[in-house]
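K.L.:
What follows is the file protein.csv, containing CSV, C-alpha atoms and all ligand atoms:
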chain,number,residue,atom,x,y,z
A,1,MET,CA,2.8,-3.6,-24.2
A,2,PHE,CA,6.2,-4.0,-22.6
A,3,LEU,CA,9.5,-3.8,-24.5
A,4,VAL,CA,12.8,-5.2,-23.3
A,5,LEU,CA,15.9,-3.9,-25.2
A,6,ARG,CA,18.9,-6.0,-25.9
A,7,ALA,CA,21.8,-5.6,-23.5
A,8,ASN,CA,24.5,-3.0,-24.3
A,9,VAL,CA,22.3,-1.0,-26.8
A,10,PRO,CA,24.2,2.3,-27.3
A,11,GLU,CA,22.5,5.3,-25.7
A,12,THR,CA,22.1,7.1,-29.1
A,13,ASP,CA,20.3,4.1,-30.6
A,14,ARG,CA,18.1,3.8,-27.6
A,15,GLU,CA,17.2,7.5,-27.8
A,16,ARG,CA,16.5,7.2,-31.5
A,17,LEU,CA,14.1,4.3,-31.0
A,18,ILE,CA,12.3,6.2,-28.2
A,19,GLU,CA,12.0,9.3,-30.5
A,20,GLU,CA,10.7,7.1,-33.3
A,21,LEU,CA,8.0,5.8,-30.9
A,22,ARG,CA,7.2,9.3,-29.8
A,23,GLU,CA,6.7,10.4,-33.4
A,24,ARG,CA,4.0,7.7,-33.7
A,25,GLY,CA,2.3,8.9,-30.5
A,26,ILE,CA,3.7,6.2,-28.3
A,27,THR,CA,5.3,7.0,-24.9
A,28,ALA,CA,8.0,4.7,-23.6
A,29,LEU,CA,8.0,4.7,-19.8
A,30,THR,CA,11.0,3.3,-18.1
A,31,VAL,CA,10.2,0.5,-15.8
A,32,GLY,CA,12.6,-0.4,-12.9
A,33,GLY,CA,15.6,1.5,-11.6
A,34,ASN,CA,18.7,2.9,-13.2
A,35,GLY,CA,20.1,1.0,-16.2
A,36,THR,CA,16.8,-0.6,-17.0
A,37,ARG,CA,16.3,-2.1,-20.4
A,38,ALA,CA,12.5,-2.4,-19.9
A,39,TYR,CA,9.9,0.0,-21.1
A,40,ALA,CA,6.1,0.1,-20.8
A,41,LEU,CA,4.6,1.4,-24.1
A,42,VAL,CA,1.5,3.6,-23.8
A,43,GLY,CA,-0.3,4.7,-26.9
A,44,SER,CA,-2.5,3.5,-29.7
A,45,ALA,CA,-2.6,-0.2,-30.2
A,46,LEU,CA,-2.7,0.2,-34.0
A,47,ALA,CA,0.4,2.4,-34.0
A,48,LEU,CA,2.2,-0.3,-31.9
A,49,GLU,CA,1.1,-3.1,-34.3
A,50,THR,CA,2.4,-1.3,-37.4
A,51,MET,CA,5.8,-0.9,-35.9
A,52,ALA,CA,6.5,-4.6,-35.8
A,53,LEU,CA,8.7,-4.2,-32.8
A,54,GLU,CA,9.4,-8.0,-32.5
A,55,GLN,CA,11.6,-7.6,-35.6
A,56,HIS,CA,13.4,-4.5,-34.5
A,57,PRO,CA,17.2,-5.1,-34.2
A,58,LEU,CA,17.4,-3.4,-30.8
A,59,VAL,CA,14.6,-5.4,-29.2
A,60,GLU,CA,15.1,-8.5,-27.2
A,61,GLU,CA,11.5,-9.2,-26.2
A,62,VAL,CA,8.0,-7.8,-26.6
A,63,ILE,CA,5.5,-8.6,-23.8
A,64,ARG,CA,1.8,-8.1,-24.7
A,65,ASP,CA,-0.2,-7.1,-21.7
A,66,PRO,CA,-3.5,-5.2,-22.3
A,67,ALA,CA,-3.7,-4.0,-18.6
A,68,PRO,CA,-3.6,-0.2,-18.2
A,69,TYR,CA,-1.3,-0.4,-15.1
A,70,LYS,CA,2.3,-0.8,-16.1
A,71,ARG,CA,4.8,-0.3,-13.2
A,72,ALA,CA,2.7,-2.2,-10.7
A,73,SER,CA,2.2,-5.2,-13.1
A,74,ARG,CA,3.8,-8.5,-12.5
A,75,SER,CA,4.3,-8.9,-16.3
A,76,LEU,CA,7.7,-7.3,-16.3
A,77,HIS,CA,8.4,-7.6,-12.6
A,78,PRO,CA,7.5,-11.2,-11.7
A,79,GLU,CA,9.2,-11.3,-8.3
A,80,ASP,CA,7.5,-9.8,-5.2
A,81,SER,CA,8.6,-6.3,-4.2
A,82,VAL,CA,9.8,-6.0,-0.6
A,83,VAL,CA,9.3,-2.7,1.1
A,84,ASP,CA,11.5,-1.6,3.9
A,85,LEU,CA,9.7,0.2,6.7
A,86,GLY,CA,12.8,0.9,8.8
A,87,HIS,CA,13.7,-0.6,12.3
A,88,GLY,CA,14.5,-3.9,10.5
A,89,VAL,CA,10.9,-4.5,9.3
A,90,SER,CA,10.0,-5.1,5.7
A,91,VAL,CA,6.7,-6.1,4.0
A,92,GLY,CA,6.4,-8.5,1.1
A,93,GLY,CA,9.2,-10.9,2.0
A,94,GLU,CA,9.1,-14.1,4.0
A,95,ARG,CA,7.7,-12.5,7.1
A,96,PHE,CA,4.0,-12.0,7.6
A,97,VAL,CA,3.8,-8.5,9.0
A,98,VAL,CA,1.3,-7.2,11.5
A,99,ILE,CA,0.8,-3.4,11.9
A,100,ALA,CA,-1.3,-2.6,14.9
A,101,GLY,CA,-2.4,0.3,17.1
A,102,PRO,CA,-5.2,2.7,17.7
A,103,CYS,CA,-7.4,4.2,15.0
A,104,ALA,CA,-6.4,7.7,16.4
A,105,VAL,CA,-3.7,9.0,18.7
A,106,GLU,CA,-5.7,10.3,21.6
A,107,SER,CA,-3.1,10.9,24.3
A,108,GLU,CA,0.4,10.0,25.4
A,109,ALA,CA,-1.0,7.5,27.9
A,110,GLN,CA,-3.3,5.9,25.3
A,111,LEU,CA,-0.5,5.6,22.7
A,112,THR,CA,2.2,4.2,25.1
A,113,ALA,CA,-0.3,1.7,26.4
A,114,ALA,CA,-1.2,0.6,22.9
A,115,ALA,CA,2.5,0.4,21.9
A,116,ASP,CA,3.3,-1.7,24.9
A,117,ALA,CA,0.5,-4.0,24.1
A,118,VAL,CA,1.1,-4.5,20.4
A,119,LYS,CA,4.9,-4.8,20.8
A,120,ALA,CA,4.5,-7.4,23.6
A,121,ALA,CA,2.1,-9.4,21.4
A,122,GLY,CA,4.6,-9.5,18.6
A,123,ALA,CA,3.4,-6.8,16.2
A,124,HIS,CA,6.0,-5.5,13.8
A,125,ALA,CA,4.9,-1.9,13.4
A,126,LEU,CA,2.6,0.7,15.1
A,127,ARG,CA,-0.3,2.5,13.5
A,128,GLY,CA,-2.1,5.6,14.8
A,129,GLY,CA,-3.9,8.5,13.1
A,130,ALA,CA,-2.9,12.1,13.8
A,131,TYR,CA,-5.2,13.4,11.1
A,132,LYS,CA,-8.5,11.6,10.9
A,133,PRO,CA,-10.8,11.5,7.9
A,134,ARG,CA,-14.2,11.5,9.7
A,135,THR,CA,-17.6,11.2,8.0
A,136,SER,CA,-18.9,13.9,10.3
A,137,PRO,CA,-17.1,17.2,10.7
A,138,TYR,CA,-18.3,17.2,14.3
A,139,SER,CA,-16.4,14.0,15.2
A,140,PHE,CA,-12.9,13.9,16.6
A,141,GLN,CA,-10.5,15.0,13.8
A,142,GLY,CA,-7.2,14.0,15.4
A,143,HIS,CA,-4.5,16.0,17.3
A,144,GLY,CA,-2.5,16.8,14.1
A,145,PRO,CA,1.2,17.8,14.5
A,146,GLU,CA,1.2,17.2,18.2
A,147,ALA,CA,0.1,13.5,17.6
A,148,LEU,CA,2.9,13.1,15.0
A,149,GLU,CA,5.4,14.3,17.6
A,150,LEU,CA,4.1,11.7,20.0
A,151,LEU,CA,4.2,8.9,17.3
A,152,ALA,CA,7.8,9.8,16.5
A,153,ASP,CA,8.8,9.6,20.2
A,154,VAL,CA,7.0,6.3,20.8
A,155,SER,CA,8.4,4.8,17.6
A,156,ARG,CA,11.9,5.6,18.8
A,157,ARG,CA,11.4,4.4,22.3
A,158,TRP,CA,9.6,1.1,21.3
A,159,ARG,CA,11.7,0.6,18.2
A,160,LEU,CA,8.7,0.2,16.0
A,161,PRO,CA,8.2,1.8,12.6
A,162,VAL,CA,5.1,4.0,12.6
A,163,VAL,CA,2.3,4.2,10.0
A,164,THR,CA,0.1,7.2,10.0
A,165,GLU,CA,-2.4,8.8,7.5
A,166,VAL,CA,-1.8,12.0,5.6
A,167,LEU,CA,-4.9,13.8,4.4
A,168,ASP,CA,-3.6,16.9,2.7
A,169,THR,CA,-0.5,17.8,0.8
A,170,ALA,CA,-0.2,20.9,2.9
A,171,ASP,CA,0.4,18.8,6.0
A,172,LEU,CA,3.2,16.6,4.5
A,173,LYS,CA,6.0,18.7,5.9
A,174,HIS,CA,4.9,17.7,9.5
A,175,PHE,CA,5.3,14.0,8.6
A,176,ILE,CA,8.9,14.2,7.3
A,177,GLY,CA,11.2,12.9,9.9
A,178,ARG,CA,8.3,11.8,12.1
A,179,ALA,CA,6.5,9.1,10.2
A,180,ASP,CA,8.1,5.9,8.7
A,181,VAL,CA,5.2,5.1,6.4
A,182,LEU,CA,2.6,7.5,5.0
A,183,GLN,CA,-0.9,6.1,4.8
A,184,VAL,CA,-3.2,7.3,2.0
A,185,GLY,CA,-6.7,6.4,3.2
A,186,ALA,CA,-9.6,5.0,1.3
A,187,ARG,CA,-11.2,8.4,0.9
A,188,ASN,CA,-8.1,9.8,-0.7
A,189,MET,CA,-7.2,6.8,-3.0
A,190,GLN,CA,-8.0,9.0,-6.0
A,191,ASN,CA,-6.6,12.3,-4.7
A,192,TYR,CA,-4.1,12.5,-7.5
A,193,ALA,CA,-2.2,15.6,-6.1
A,194,LEU,CA,-1.8,13.8,-2.8
A,195,LEU,CA,-0.6,10.6,-4.6
A,196,ARG,CA,2.0,12.5,-6.5
A,197,ALA,CA,3.2,14.3,-3.4
A,198,VAL,CA,3.6,11.2,-1.3
A,199,GLY,CA,5.4,9.7,-4.3
A,200,ARG,CA,7.8,12.6,-4.2
A,201,SER,CA,8.3,12.3,-0.5
A,202,GLY,CA,10.3,9.1,-1.1
A,203,LEU,CA,8.8,7.5,2.1
A,204,PRO,CA,7.0,4.1,2.0
A,205,VAL,CA,3.3,4.6,1.2
A,206,LEU,CA,0.5,2.4,2.5
A,207,LEU,CA,-2.3,2.9,-0.1
A,208,LYS,CA,-5.8,1.8,0.9
A,209,ARG,CA,-8.4,0.8,-1.6
A,210,GLY,CA,-11.2,3.3,-2.0
A,211,LEU,CA,-14.7,2.4,-0.7
A,212,ALA,CA,-16.0,2.0,-4.2
A,213,ALA,CA,-12.9,1.5,-6.2
A,214,THR,CA,-12.1,-1.5,-8.4
A,215,ALA,CA,-8.8,-3.4,-8.1
A,216,GLU,CA,-7.7,-1.9,-11.4
A,217,GLU,CA,-8.4,1.6,-10.1
A,218,LEU,CA,-6.3,0.8,-7.0
A,219,LEU,CA,-3.4,-0.3,-9.2
A,220,LEU,CA,-3.8,2.8,-11.4
A,221,ALA,CA,-3.7,5.0,-8.2
A,222,SER,CA,-0.5,3.2,-7.2
A,223,GLU,CA,1.0,4.1,-10.6
A,224,TYR,CA,0.8,7.8,-9.6
A,225,ILE,CA,3.2,7.1,-6.7
A,226,LEU,CA,5.4,4.8,-8.8
A,227,THR,CA,5.6,7.3,-11.6
A,228,GLU,CA,7.3,9.8,-9.2
A,229,GLY,CA,10.1,7.2,-8.8
A,230,ASN,CA,8.9,5.9,-5.4
A,231,GLU,CA,8.7,2.2,-5.6
A,232,LYS,CA,7.9,1.7,-1.9
A,233,VAL,CA,4.2,1.1,-2.3
A,234,ILE,CA,2.1,-1.2,-0.2
A,235,LEU,CA,-1.5,-1.9,-1.1
A,236,CYS,CA,-4.3,-2.5,1.5
A,237,GLU,CA,-7.7,-4.1,1.1
A,238,ARG,CA,-9.9,-2.5,3.7
A,239,GLY,CA,-13.4,-3.5,2.7
A,240,ILE,CA,-15.8,-2.1,0.1
A,241,ARG,CA,-19.3,-0.8,0.3
A,242,THR,CA,-21.9,-3.4,-0.8
A,243,TYR,CA,-25.6,-3.9,-0.1
A,244,GLU,CA,-24.8,-5.9,3.0
A,245,THR,CA,-25.5,-3.9,6.2
A,246,THR,CA,-24.7,-6.4,9.0
A,247,THR,CA,-21.0,-5.4,8.7
A,248,ARG,CA,-19.6,-1.9,8.2
A,249,ASN,CA,-18.0,-3.0,4.9
A,250,THR,CA,-17.5,-6.2,3.0
A,251,LEU,CA,-13.9,-7.4,3.1
A,252,ASP,CA,-13.1,-8.4,-0.5
A,253,LEU,CA,-10.7,-11.3,-0.3
A,254,ASN,CA,-11.3,-12.1,-4.0
A,255,THR,CA,-9.4,-8.9,-4.7
A,256,VAL,CA,-6.5,-9.9,-2.4
A,257,ALA,CA,-6.0,-13.1,-4.3
A,258,TRP,CA,-6.4,-11.3,-7.6
A,259,LEU,CA,-3.9,-8.6,-6.6
A,260,LYS,CA,-1.3,-11.2,-5.5
A,261,ARG,CA,-1.4,-12.7,-9.0
A,262,ASN,CA,-1.4,-9.4,-10.9
A,263,THR,CA,0.9,-7.1,-9.0
A,264,HIS,CA,4.4,-7.4,-7.4
A,265,LEU,CA,3.5,-4.8,-4.8
A,266,PRO,CA,2.9,-6.2,-1.2
A,267,VAL,CA,-0.8,-6.5,-0.2
A,268,LEU,CA,-2.1,-6.0,3.3
A,269,VAL,CA,-5.6,-6.7,4.7
A,270,ASP,CA,-7.4,-4.4,7.2
A,271,PRO,CA,-10.0,-6.6,8.9
A,272,SER,CA,-10.9,-3.8,11.3
A,273,HIS,CA,-12.4,-1.4,8.8
A,274,GLY,CA,-13.2,-4.4,6.6
A,275,THR,CA,-15.8,-5.7,9.1
A,276,GLY,CA,-16.3,-2.9,11.6
A,277,VAL,CA,-16.9,-5.5,14.2
A,278,ALA,CA,-14.2,-6.5,16.8
A,279,GLU,CA,-15.5,-10.1,17.0
A,280,LEU,CA,-15.0,-10.6,13.3
A,281,VAL,CA,-11.4,-9.4,13.2
A,282,ALA,CA,-9.8,-12.8,14.2
A,283,PRO,CA,-11.6,-15.0,11.7
A,284,LEU,CA,-11.0,-12.6,8.8
A,285,SER,CA,-7.4,-12.2,9.8
A,286,LYS,CA,-6.9,-15.9,9.5
A,287,ALA,CA,-8.7,-15.9,6.1
A,288,ALA,CA,-6.3,-13.1,5.0
A,289,VAL,CA,-3.3,-15.2,5.7
A,290,ALA,CA,-4.8,-18.1,3.9
A,291,VAL,CA,-5.6,-16.1,0.8
A,292,GLY,CA,-2.0,-14.9,0.4
A,293,ALA,CA,-1.9,-11.5,2.0
A,294,ASP,CA,1.5,-10.2,3.1
A,295,GLY,CA,0.3,-8.8,6.4
A,296,LEU,CA,-2.5,-7.2,8.5
A,297,LEU,CA,-3.4,-3.7,9.6
A,298,ILE,CA,-5.4,-4.1,12.9
A,299,GLU,CA,-6.9,-1.5,15.2
A,300,VAL,CA,-6.0,-2.1,18.9
A,301,HIS,CA,-7.0,0.2,21.7
A,302,PRO,CA,-6.1,-0.1,25.5
A,303,PHE,CA,-9.8,0.5,26.3
A,304,PRO,CA,-12.0,0.1,23.1
A,305,ALA,CA,-15.1,1.3,24.9
A,306,GLU,CA,-13.5,4.7,25.5
A,307,ALA,CA,-12.0,5.2,22.0
A,308,LEU,CA,-12.6,8.5,20.3
A,309,SER,CA,-12.9,6.7,16.9
A,310,ASP,CA,-13.6,3.1,15.7
A,311,GLY,CA,-13.9,1.6,19.2
A,312,ARG,CA,-16.5,-0.9,18.0
A,313,GLN,CA,-13.9,-2.5,15.7
A,314,SER,CA,-10.9,-2.2,17.9
A,315,LEU,CA,-9.4,-5.1,19.8
A,316,ASP,CA,-8.3,-4.8,23.4
A,317,PRO,CA,-4.8,-5.9,24.3
A,318,SER,CA,-5.7,-9.4,25.5
A,319,THR,CA,-7.8,-10.3,22.5
A,320,PHE,CA,-5.0,-9.0,20.2
A,321,THR,CA,-2.5,-11.1,22.0
A,322,THR,CA,-4.7,-14.2,21.6
A,323,LEU,CA,-5.1,-13.5,17.9
A,324,MET,CA,-1.3,-13.2,17.4
A,325,GLN,CA,-0.9,-16.6,18.9
A,326,GLU,CA,-3.7,-18.1,16.9
A,327,LEU,CA,-2.3,-16.8,13.7
A,328,LYS,CA,1.0,-18.7,14.0
A,329,PRO,CA,-0.2,-22.0,12.5
A,330,PHE,CA,-1.9,-20.2,9.7
A,331,ILE,CA,1.2,-18.2,8.9
A,332,ALA,CA,3.3,-21.4,8.9
A,333,ALA,CA,0.8,-23.1,6.6
A,334,ALA,CA,1.1,-20.2,4.2
A,335,GLY,CA,4.8,-20.7,4.1
A,336,ARG,CA,5.6,-17.5,5.9
A,337,ARG,CA,7.1,-16.7,9.3
A,338,PRO,CA,5.7,-14.4,12.0
A,401,LIG,C1,-7.9,4.2,9.3
A,401,LIG,O1,-7.0,3.4,8.9
A,401,LIG,O2,-8.1,4.5,10.4
A,401,LIG,C2,-8.8,4.7,8.2
A,401,LIG,C3,-9.5,5.8,8.3
A,401,LIG,O3,-8.9,3.8,7.2
A,401,LIG,P1,-9.7,3.9,5.8
A,401,LIG,O4,-9.1,5.0,5.0
A,401,LIG,O5,-9.5,2.5,5.2
A,401,LIG,O6,-11.2,4.2,6.2
A,402,MN,MN,-10.1,3.7,12.0
Can you turn what I pasted into structure tokens?
P.N.:
Amino acid sequence: MFLVLRANVPETDRERLIEELRERGITALTVGGNGTRAYALVGSALALETMALEQHPLVEEVIRDPAPYKRASRSLHPEDSVVDLGHGVSVGGERFVVIAGPCAVESEAQLTAAADAVKAAGAHALRGGAYKPRTSPYSFQGHGPEALELLADVSRRWRLPVVTEVLDTADLKHFIGRADVLQVGARNMQNYALLRAVGRSGLPVLLKRGLAATAEELLLASEYILTEGNEKVILCERGIRTYETTTRNTLDLNTVAWLKRNTHLPVLVDPSHGTGVAELVAPLSKAAVAVGADGLLIEVHPFPAEALSDGRQSLDPSTFTTLMQELKPFIAAAGRRP
């Protein structure tokens, strides 16, 4: 349930009402920034009913919403959130944003070639992993802080905001001042200590859906970040595990459409991990635009065959350039601009 207080309620009256709620086991969470009049009420439904809040003299409106996510919900925040990534790029507004680059930062030559290619093709931001969550501990794990340094340098020179994954709270200090956006990967979607820590960092967070997480669980994970006062959260559908084995994952576009109706947070689609197959990235990218996504996260490598991770799903520069051109009419039809 959400509660909107009347304008100009004196502070002492407001505190008394919150205390009254607390005595009945109901927590009033503020929603929105400073000076907000809106609260999400969390507690027993019965206690809420017996309080007859609709009739309370301080209350302007009661909005009944049984969903467990509160700050991410559209109920109290009907307009889309727009998240600023820096370098003049924001996600969730009129522009359809494409974030592209290699799965992992491998070398300066690889990263600069990738940045050249994605910038020339019209991408708005660069991606690249410094710390890689690999299924096998024997696979390439990323170059760590050295790769973050390279990303920061390339970001400055190419004037592109950079998105990169943080795996562990202990590494966060290396990201500050080097990354523009912190990615929390699928495997860490329910790492609550990490969610709280990226929330406290104040940096924009790209939160990817877990391999076996429901849409509601994704929104509840986002609440951990929002609860720390960080409203710069971007969600990402990256495919879920199903019985289908012809593709690496099954890109769940149902959930993208559902999220766009139920949350104000921007929603990206990652067709690279969603399919695991380079040839399927273009058709699923177009489908993502059509279903209402706010942008794409795409893996691009100067030489996919030589990639140290995810080469099979990475586009080469010329295929990516063609895709960016082919997306234009879809973006226009969706009422967005490239
Ligand atoms: C990635 O973006 O390279 C990645 C590891 O993504 P996910 O967490 O979705 O598997
Ligand atoms: Mn990858």
K.L.:
Measure the distance from CA of His87 in chain A to CA of Val300 in chain A in Å and round it to one decimal.
P.N.:
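These atoms are spaced 20.8 Å apart.
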K.L.:
Which residue is closest to Thr30 in chain A? Choose from A:Ala47, A:Val4, A:Val59, A:Leu207 and count only C-alpha atoms.
P.N.:
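Counting only C-alpha atoms, the residue closest to Thr30 in chain A is A:Val4.
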K.L.:
List all protein, DNA and RNA residues that have an atom no more than 9 Å from any atom of ligand MN 402 (chain A), counting only C-alpha atoms and all ligand atoms, and report them as a ChimeraX atom specification.
P.N.:
/A:102-104,128-129,132-133,272-273,299,309-311,313-314
K.L.:
Please provide the set of residues having any atom within 10 Å of Leu203 in chain A, restricted to all atoms listed in the file, with same-chain residues fewer than 6 positions apart removed, written as a list in words.
P.N.:
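The filter keeps Asp84, Leu85, Phe175, Ile176, Gly177, Ala179, Asp180, Val181, Leu182, Asn230, Glu231, Lys232 and Val233 of chain A.
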K.L.:
Pick the closest to Leu297 in chain A from A:Ala52, A:Leu235, A:Ala257, A:Ala197: which is it, counting only C-alpha atoms?
P.N.:
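Between A:Ala52, A:Leu235, A:Ala257, A:Ala197, the residue approaching Leu297 in chain A most closely is A:Leu235.
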K.L.:
Rank nothing, just name the residue among A:Val256, A:Leu206, A:Ile331, A:Ala117 nearest to ligand LIG 401 (chain A), using all atoms listed in the file.
P.N.:
A:Leu206
K.L.:
Chain A near ligand LIG 401 (chain A) within 6 Å: what's each residue's closest atom pair and its distance in Å to one decimal, counting all atoms listed in the file, ordered by chain then ascending residue number, as JSON lines?
P.N.:
{"residue": "A:Cys103", "atom": "CA", "partner": "A:LIG401", "partner_atom": "O2", "distance": 4.7}
{"residue": "A:Pro133", "atom": "CA", "partner": "A:LIG401", "partner_atom": "C3", "distance": 5.9}
{"residue": "A:Gly185", "atom": "CA", "partner": "A:LIG401", "partner_atom": "O4", "distance": 3.3}
{"residue": "A:Ala186", "atom": "CA", "partner": "A:LIG401", "partner_atom": "O4", "distance": 3.7}
{"residue": "A:Arg187", "atom": "CA", "partner": "A:LIG401", "partner_atom": "O4", "distance": 5.7}
{"residue": "A:Lys208", "atom": "CA", "partner": "A:LIG401", "partner_atom": "O5", "distance": 5.7}
{"residue": "A:Arg238", "atom": "CA", "partner": "A:LIG401", "partner_atom": "O5", "distance": 5.2}
K.L.:
Residues near Gly88 in chain A, anyone? I mean within 10 Å using all atoms listed in the file, not counting same-chain ones fewer than 6 positions away, as a list in words.
P.N.:
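So, after excluding close chain neighbours, the residues are His124, Arg159, Leu160 and Pro161 of chain A.
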K.L.:
One decimal, Å: what's the distance from CA of Leu265 in chain A over to CA of Thr227 in chain A, could you say?
P.N.:
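That distance, rounded to one decimal, is 14.0 Å.
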K.L.:
If we count all atoms listed in the file, what is near Ser107 in chain A at a cut-off of 12 Å, once residues fewer than 2 positions away on the same chain are taken out, given as JSON, numbers by chain?
P.N.:
{"A": [102, 104, 105, 109, 110, 111, 112, 113, 114, 128, 129, 130, 142, 143, 144, 146, 147, 148, 149, 150, 151, 154, 301, 302, 307, 308]}
K.L.:
Please measure the separation of CA of Met189 in chain A and CA of Ser136 in chain A, giving the value in Å to one decimal.
P.N.:
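Computed distance, CA of Met189 in chain A to CA of Ser136 in chain A, equals 19.1 Å.
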K.L.:
May I ask which of the residues A:Thr36, A:Ser285, A:Thr164, A:Ser75 is the closest one to Phe96 in chain A, counting only C-alpha atoms?
P.N.:
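That would be A:Ser285, the residue with the smallest distance to Phe96 in chain A.
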K.L.:
Would you mind telling me which residue in A:Leu167, A:Leu220, A:Ala123, A:Leu53 lies nearest to Arg71 in chain A when using all atoms listed in the file?
P.N.:
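Looking only at the distances to Arg71 in chain A, the closest residue turns out to be A:Leu220.
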K.L.:
Counting all atoms listed in the file, what are the residues of range 15-127 of chain A within 9 Å of range 223-226 of chain A, and for each of them which pair of atoms is the nearest and at what distance in Å, to one decimal? Sort the table by chain and rising number, as a tab-separated table.
P.N.:
residue	atom	partner	partner_atom	distance
A:Tyr69	CA	A:Glu223	CA	6.8
A:Lys70	CA	A:Glu223	CA	7.5
A:Arg71	CA	A:Glu223	CA	6.4
A:Ala72	CA	A:Glu223	CA	6.5
K.L.:
Could you write those residues out with C-alpha atoms, as a compact mmCIF listing (two decimals), keeping the file's coordinate frame?
P.N.:
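Written out: selection-v6.txt:
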# COMPACT_ATOMS: atom_id res chain seq x y z
CA TYR A 69 -1.30 -0.40 -15.10
CA LYS A 70 2.30 -0.80 -16.10
CA ARG A 71 4.80 -0.30 -13.20
CA ALA A 72 2.70 -2.20 -10.70
K.L.:
From the options A:Leu17, A:Val162, A:Leu172, A:Ala121, which residue's atoms come nearest to Pro145 in chain A, counting all atoms listed in the file?
P.N.:
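Using all atoms listed in the file, the shortest distance to Pro145 in chain A belongs to A:Leu172.
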K.L.:
Extract, using all atoms listed in the file, all DNA, RNA and protein residues at most 10 Å from His264 in chain A, discarding same-chain residues fewer than 6 positions from it, and format them as a list in words.
P.N.:
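My reading of the contact set: Arg71, Ala72, Ser73, Arg74, Ser75, Leu76, His77, Pro78, Glu79, Asp80, Ser81, Val82, Gly92, Val233 and Ile234 of chain A.
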K.L.:
Padding of 4 Å on every side, edges along x, y and z, all listed atoms of range 130-144 of chain A included: what centre and edge lengths in Å, to one decimal, does that box have, as lines of an AutoDock Vina configuration file?
P.N.:
center_x = -10.7
center_y = 14.2
center_z = 12.6
size_x = 24.4
size_y = 14.0
size_z = 17.4
K.L.:
Residues at most 9 Å from Ala215 in chain A, counting all atoms listed in the file, excluding those fewer than 2 positions away in the same chain, as a count of residues only?
P.N.:
10
K.L.:
Identify the residues within 12 Å of coordinate (-15.9, 1.2, 1.9) (same frame as the file), considering all atoms listed in the file, and give the answer as a ChimeraX atom specification.
P.N.:
/A:135,185-189,208-214,237-245,247-252,270,272-276
K.L.:
Could you take the residues named above and write them with C-alpha atoms, as a CSV table (one decimal), in the coordinates of the input?
P.N.:
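Result saved to result.csv:
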chain,number,residue,atom,x,y,z
A,135,THR,CA,-17.6,11.2,8.0
A,185,GLY,CA,-6.7,6.4,3.2
A,186,ALA,CA,-9.6,5.0,1.3
A,187,ARG,CA,-11.2,8.4,0.9
A,188,ASN,CA,-8.1,9.8,-0.7
A,189,MET,CA,-7.2,6.8,-3.0
A,208,LYS,CA,-5.8,1.8,0.9
A,209,ARG,CA,-8.4,0.8,-1.6
A,210,GLY,CA,-11.2,3.3,-2.0
A,211,LEU,CA,-14.7,2.4,-0.7
A,212,ALA,CA,-16.0,2.0,-4.2
A,213,ALA,CA,-12.9,1.5,-6.2
A,214,THR,CA,-12.1,-1.5,-8.4
A,237,GLU,CA,-7.7,-4.1,1.1
A,238,ARG,CA,-9.9,-2.5,3.7
A,239,GLY,CA,-13.4,-3.5,2.7
A,240,ILE,CA,-15.8,-2.1,0.1
A,241,ARG,CA,-19.3,-0.8,0.3
A,242,THR,CA,-21.9,-3.4,-0.8
A,243,TYR,CA,-25.6,-3.9,-0.1
A,244,GLU,CA,-24.8,-5.9,3.0
A,245,THR,CA,-25.5,-3.9,6.2
A,247,THR,CA,-21.0,-5.4,8.7
A,248,ARG,CA,-19.6,-1.9,8.2
A,249,ASN,CA,-18.0,-3.0,4.9
A,250,THR,CA,-17.5,-6.2,3.0
A,251,LEU,CA,-13.9,-7.4,3.1
A,252,ASP,CA,-13.1,-8.4,-0.5
A,270,ASP,CA,-7.4,-4.4,7.2
A,272,SER,CA,-10.9,-3.8,11.3
A,273,HIS,CA,-12.4,-1.4,8.8
A,274,GLY,CA,-13.2,-4.4,6.6
A,275,THR,CA,-15.8,-5.7,9.1
A,276,GLY,CA,-16.3,-2.9,11.6
